[in-house]
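Enquirer: Take this structure first; my questions come after.
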Amino acid sequence: MPINSKAKLVKEILDLKKISQAPTRNGYGEGLVEAGKKNKNIVVLCADLTESTRSELFKKEFPDRFIELGIAEQNMASVASGLAAMGKVPFISSYAMFSPGRNWEQIRTTVCYNNQNVKIGGAHAGVSVGPDGATHQAIEDIAITRVIPNMTVIVPCDALEAEKATIAAARLKGPVYLRFAREKTPVFTTLKTPFQAGKAEIFWNSGKKPDVAIIACGPLLHNAILAAAGLEKEGIKVRVINNHTVKPMDEKTIIQAAKDAGALVTAEEHQINGGMGSAVAEIITRNYPVPIEFVGVANRFGESGEPQELIKHFGMAPEHIVAAAKKAIKRK
Amino acid sequence: MTHLHDNKIKELEKMANEIRRSIIESLMEAGSGHSAGPLGMADIFTALYFHILNHNPKNPDWPDRDRLILSNGHICPVLYAAMAHAGYFPVGELKTLRKIGARLQGHPHREALPGLETTSGPLGSGLSQAVGMALAERMDKGKQSTKWFYCLLGDGELNAGQVWEAAMMAGREQLHNLTAIVDRNNIQIDGFTEDVMPLEPLKEKFESFGWHVLEIDGHNFEAIVGACDEAKAIFEKPTMIIAHTIPGKGVEYMERDFRWHGIPPGKGPEDKFTKDKQGPEAIKELRTLWGRIKSEHE
């Protein structure tokens with residue numbers, strides 16, 4: 001199996017029955033506690049969603065450094081800016097729809113333009129939020145955060161990577177957006193899997209000259225790996241890249257994939273417009289133009305349903321990634 | 001009631017006039033910008049930068065300084081003028097206001113100019129930032145906090161819900177080290193505040209949010225200093241000073257006219273500079289605020 005051994009992924013990565021599952025937001029809560037132990041300046045703010053954003057783990061450990069804002073995300077972003085101005089390292093926590101959704105301008109002006117060291121944890125991103133429906137399914141958040149100067153955007157692929165990303169964000173100086181999901185998804189990385197903000201990792205590599213490269217971020221990366229396994233059975237060689245840092249993107253790894261494969265697929269649980277795939281296209285068109293197919297939500301709002309039903313309904317299941325890969329190869 | 005020595009009051013009045021003159025000059029040079037708010041707040045900024053604030057213009061990053069957080073960033077000509085006269089940067093630099101490459105951006109940008117505590121312009125966000133700063137200090141030092149956090153707001157921006165989110169939180173946290181000053185000049189771009197979106201009863205609103213509220217004449221130095229002194233003696237609540245000011249104060253034809261909110265001298269609706277007068281004489285009259293500012297060159 002062409003899984004990159006250096007990525008140190010779990011052995012049962014293709015076995016959905018055996019692989020353990022956890023939501024990425026759990027990693028946020030655990031990462032906050034770990035980061036909080038190392039740095040007493042870390043404070044966590046939450047807008048009446050303490051349990052579901054998992055910031056309650058931090059609240060239990062450091063009650064004096066937890067600040068409840070009530071349902072007031074705009075105030076939360078700017079209060080965090082003020083805390084940061086005095087040397088604190090605030091993590092603001094809510095659903096992505098509300099933060100960075102509702103409070104976008106406050107994040108843009110009082111955090112990013114003001115260049116304050118504020119971290120934004122957006123939970124419940126993507127259609128996999130499920131039954132709550134489109135009002136609570138943020139599928140525009142990557143677009144609206146990556147467009148802001150000074151901002152770093154990280155989309156962890158599983159709960160363990162989410163924990164690593166949270167700890168890394170605490171060390172990065174400047175605004176960081178961390179994107180998390182509500183639903184349990186496979187935990188396929190390990191403690192030994194490399195993670196460095198701004199450095200994409202090759203998780204699956206079928207030789208130096210694959211037929212196609214799939215660039216994915218977030219839990220959908222696991223679907224990309226399942227898709228790769230399916231394509232390999234048909235004799236199609238694939239490279240799969242964990243592109244967790246959407247901004248600043250690891251241009252070198254992305255351009256190399258275009259050169260080696262000559263065709264790309266991007267996959268993300270987000271609008272195709274303006275998301276990670278768009279960012280890949282911006283790099284590729286300037287440096288090494290090759291055909292790109294985009295897997296994501298195609299200019300629609302989400303809707304109610306079970307998470308896996310919705311992933312299928314909106315065209316982001318492994319079979320859709322397989323079809324996109326074949327289409328990209330055909331366009332070479 | 002705080003009493004200031006007569007000489008001190010004279011000194012502050014003189015400085016306020018210098019600052020008004022600088023505001024007019026920088027706005028005329030810029031050719032755009034807001035006139036009414038900066039002129040109306042000249043006395044309060046003078047009191048803050050030349051009497052109330054514990055600060056050091058030669059060391060703007062001094063950690064123990066008081067913080068002045070300007071929420072209504074559009075009145076920055078008065079902030080810049082006060083800072084320049086206090087010694088943060090050369091007074092001559094005021095002529096670069098709103099010009100390309102200038103440190104004096106059209107709305108203040110923290111990273112552009114040492115001494116600015118924050119970036120502001122989009123209204124309604126400053127009080128939240130001041131709450132965050134005051135709260136950080138309280139988390140570290142409890143009620144021993146010796147720094148003071150002054151947030152300046154416009155009355156028009158009290159339309160914004162975020163101000164009330166911040167006010168609610170400041171009340172809950174009993175931020176004694178936070179003093180907010182609202183420029184109650186009764187005007188905003190679209191008209192008089194009570195016509196656009198009524199704010200009254202404003203004092204009662206803030207009191208019900210857990211604030212100690214004072215109402216003062218924003219052009220009386222003893223009242224300004226006295227209110228800030230009283231705020232320091234209130235240990236269980238943040239203090240809101242509602243400062244009644246005259247928009248455009250110092251330029252007769254601008255006073256109390258909301259149309260001067262968002263335009264510079266020379267572009268006004270009833271601008272004597274362009275209509276009634278000719279050439280350098282008009283400029284001189286305007287720059288001296290109709291004879292109220294004495295130039296050293298005359």
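Starting from 1 in every chain, residues are counted up; chains themselves are A, B, ... following the order of the structure tokens, and ligands are numbered from 1 as listed.
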Could you give me, as a list in words, the residues within 8 Å of Leu97 (chain B), counting only C-alpha atoms and dropping anything in the same chain fewer than 2 positions from it?

Expert: Ser26, Leu27, Glu29, Ala30, Pro77, Glu93, Leu94, Lys95, Lys99, Ala102, Arg103, Leu104, Gln105 and Gly106 of chain B

Enquirer: Keeping only N, CA and C atoms, take the residues you just selected and write them out as a compact mmCIF listing (two decimals), in the first residue's frame.

Expert:
# COMPACT_ATOMS: atom_id res chain seq x y z
N SER B 26 -4.32 70.75 9.47
CA SER B 26 -4.08 69.42 8.90
C SER B 26 -5.25 69.00 8.01
N LEU B 27 -6.47 69.38 8.40
CA LEU B 27 -7.63 69.02 7.57
C LEU B 27 -7.61 69.79 6.25
N GLU B 29 -5.01 70.89 4.71
CA GLU B 29 -3.92 70.31 3.92
C GLU B 29 -4.36 68.98 3.30
N ALA B 30 -5.11 68.19 4.11
CA ALA B 30 -5.54 66.87 3.64
C ALA B 30 -6.62 66.99 2.57
N PRO B 77 -7.94 63.49 13.79
CA PRO B 77 -7.16 64.74 13.70
C PRO B 77 -6.89 65.36 15.08
N GLU B 93 4.59 67.14 11.11
CA GLU B 93 4.10 65.91 10.47
C GLU B 93 2.58 65.88 10.34
N LEU B 94 1.89 66.76 11.10
CA LEU B 94 0.43 66.81 11.01
C LEU B 94 -0.02 67.12 9.58
N LYS B 95 0.86 67.77 8.81
CA LYS B 95 0.49 68.11 7.43
C LYS B 95 0.47 66.90 6.52
N LYS B 99 -2.19 61.44 3.70
CA LYS B 99 -1.39 61.39 2.47
C LYS B 99 -0.73 60.02 2.32
N ALA B 102 1.97 58.17 4.70
CA ALA B 102 1.99 58.87 5.99
C ALA B 102 1.76 57.92 7.16
N ARG B 103 2.34 58.28 8.30
CA ARG B 103 2.05 57.54 9.54
C ARG B 103 0.68 57.94 10.07
N LEU B 104 0.21 59.11 9.63
CA LEU B 104 -1.08 59.62 10.09
C LEU B 104 -2.17 59.18 9.11
N GLN B 105 -2.56 57.94 9.22
CA GLN B 105 -3.58 57.37 8.34
C GLN B 105 -4.93 58.07 8.57
N GLY B 106 -5.80 58.00 7.58
CA GLY B 106 -7.11 58.64 7.66
C GLY B 106 -7.91 58.21 8.87

Enquirer: May I ask you to extract the residues of chain A within 7 Å of chain B, using only C-alpha atoms, and to give them as an NGL selection string?

Expert: :A and (72 or 74-75 or 78-83 or 85-86 or 110 or 114)

Enquirer: Output C-alpha atoms for every residue in the selection just made, as a PDB file, in the first residue's frame.

Expert:
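Contents of again-v1.pdb, as written:
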ATOM      1  CA  ALA A  72     -21.748  38.244  21.842  1.00  0.00           C
ATOM      2  CA  GLN A  74     -18.390  40.689  18.042  1.00  0.00           C
ATOM      3  CA  ASN A  75     -17.552  41.790  21.566  1.00  0.00           C
ATOM      4  CA  SER A  78     -12.523  42.855  20.174  1.00  0.00           C
ATOM      5  CA  VAL A  79     -12.188  42.019  23.882  1.00  0.00           C
ATOM      6  CA  ALA A  80      -9.633  39.417  22.774  1.00  0.00           C
ATOM      7  CA  SER A  81      -7.810  42.115  20.825  1.00  0.00           C
ATOM      8  CA  GLY A  82      -7.625  44.199  24.013  1.00  0.00           C
ATOM      9  CA  LEU A  83      -6.430  41.233  26.077  1.00  0.00           C
ATOM     10  CA  ALA A  85      -2.648  44.200  23.572  1.00  0.00           C
ATOM     11  CA  MET A  86      -1.810  43.618  27.248  1.00  0.00           C
ATOM     12  CA  THR A 110      -9.345  44.896  15.598  1.00  0.00           C
ATOM     13  CA  ASN A 114      -4.374  45.758  14.414  1.00  0.00           C
TER      14      ASN A 114
END

Enquirer: Select from region 26-119 of chain A every residue with an atom at most 6 Å from any atom of region 163-177 of chain A, then for each give the shortest pair of atoms and their distance in Å to one decimal, using only C-alpha atoms, rows by chain and rising number, as CSV.

Expert:
residue,atom,partner,partner_atom,distance
A:Gly27,CA,A:Glu163,CA,4.1
A:Tyr28,CA,A:Glu163,CA,5.3
A:Gly31,CA,A:Glu163,CA,4.2
A:Ala35,CA,A:Ile167,CA,5.2
A:Gln116,CA,A:Gly174,CA,5.9
A:Asn117,CA,A:Gly174,CA,4.2
A:Val118,CA,A:Pro175,CA,4.9
A:Lys119,CA,A:Val176,CA,4.8

Enquirer: Could the residues in this selection be saved with C-alpha atoms as a short mmCIF file (atom, residue, chain, number, x, y, z; two decimals), in the first residue's frame?

Expert:
data_model
loop_
_atom_site.label_atom_id
_atom_site.label_comp_id
_atom_site.auth_asym_id
_atom_site.auth_seq_id
_atom_site.Cartn_x
_atom_site.Cartn_y
_atom_site.Cartn_z
CA GLY A 27 -8.46 18.07 19.85
CA TYR A 28 -9.07 21.80 20.28
CA GLY A 31 -4.77 21.31 22.85
CA ALA A 35 -0.90 24.91 25.64
CA GLN A 116 -2.91 41.34 17.72
CA ASN A 117 -2.03 37.85 18.88
CA VAL A 118 -5.55 36.38 18.90
CA LYS A 119 -6.46 32.79 17.97
#

Enquirer: From a DSSP pass on the backbone, collect the residues of region 8-236 of chain A flagged as strand (DSSP E or B) and hand them back as JSON, numbers by chain.

Expert: {"A": [21, 22, 42, 43, 44, 45, 46, 66, 67, 68, 89, 90, 91, 92, 93, 94, 95, 119, 120, 121, 122, 123, 125, 138, 152, 153, 154, 176, 177, 178, 179, 185, 186, 196, 199, 201, 202, 203, 204, 205, 212, 213, 214, 215, 216]}

Enquirer: If we count only C-alpha atoms, what is near Ser206 (chain A) at a cut-off of 8 Å, once residues fewer than 2 positions away on the same chain are taken out, given as JSON, numbers by chain?

Expert: {"A": [2, 3, 204, 208, 209, 210, 237, 238, 239]}

Enquirer: Calculate how many Å separate CA of Val155 (chain A) from CA of Thr245 (chain A), rounding to one decimal.

Expert: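 Computing the Euclidean distance for CA of Val155 (chain A) and CA of Thr245 (chain A) yields 6.3 Å.
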
Enquirer: Name all residues at most 8 Å from region 171-184 of chain B (count only C-alpha atoms; drop same-chain ones fewer than 5 positions away) and give them as JSON, numbers by chain.

Expert: {"B": [41, 127, 130, 131, 134, 135, 138, 143, 145, 146, 147, 148, 149, 150, 151, 152, 153, 154, 155, 209, 210, 211, 218, 228, 231, 232, 234, 235, 236, 237, 238, 239, 240, 241, 242, 243, 244, 245]}
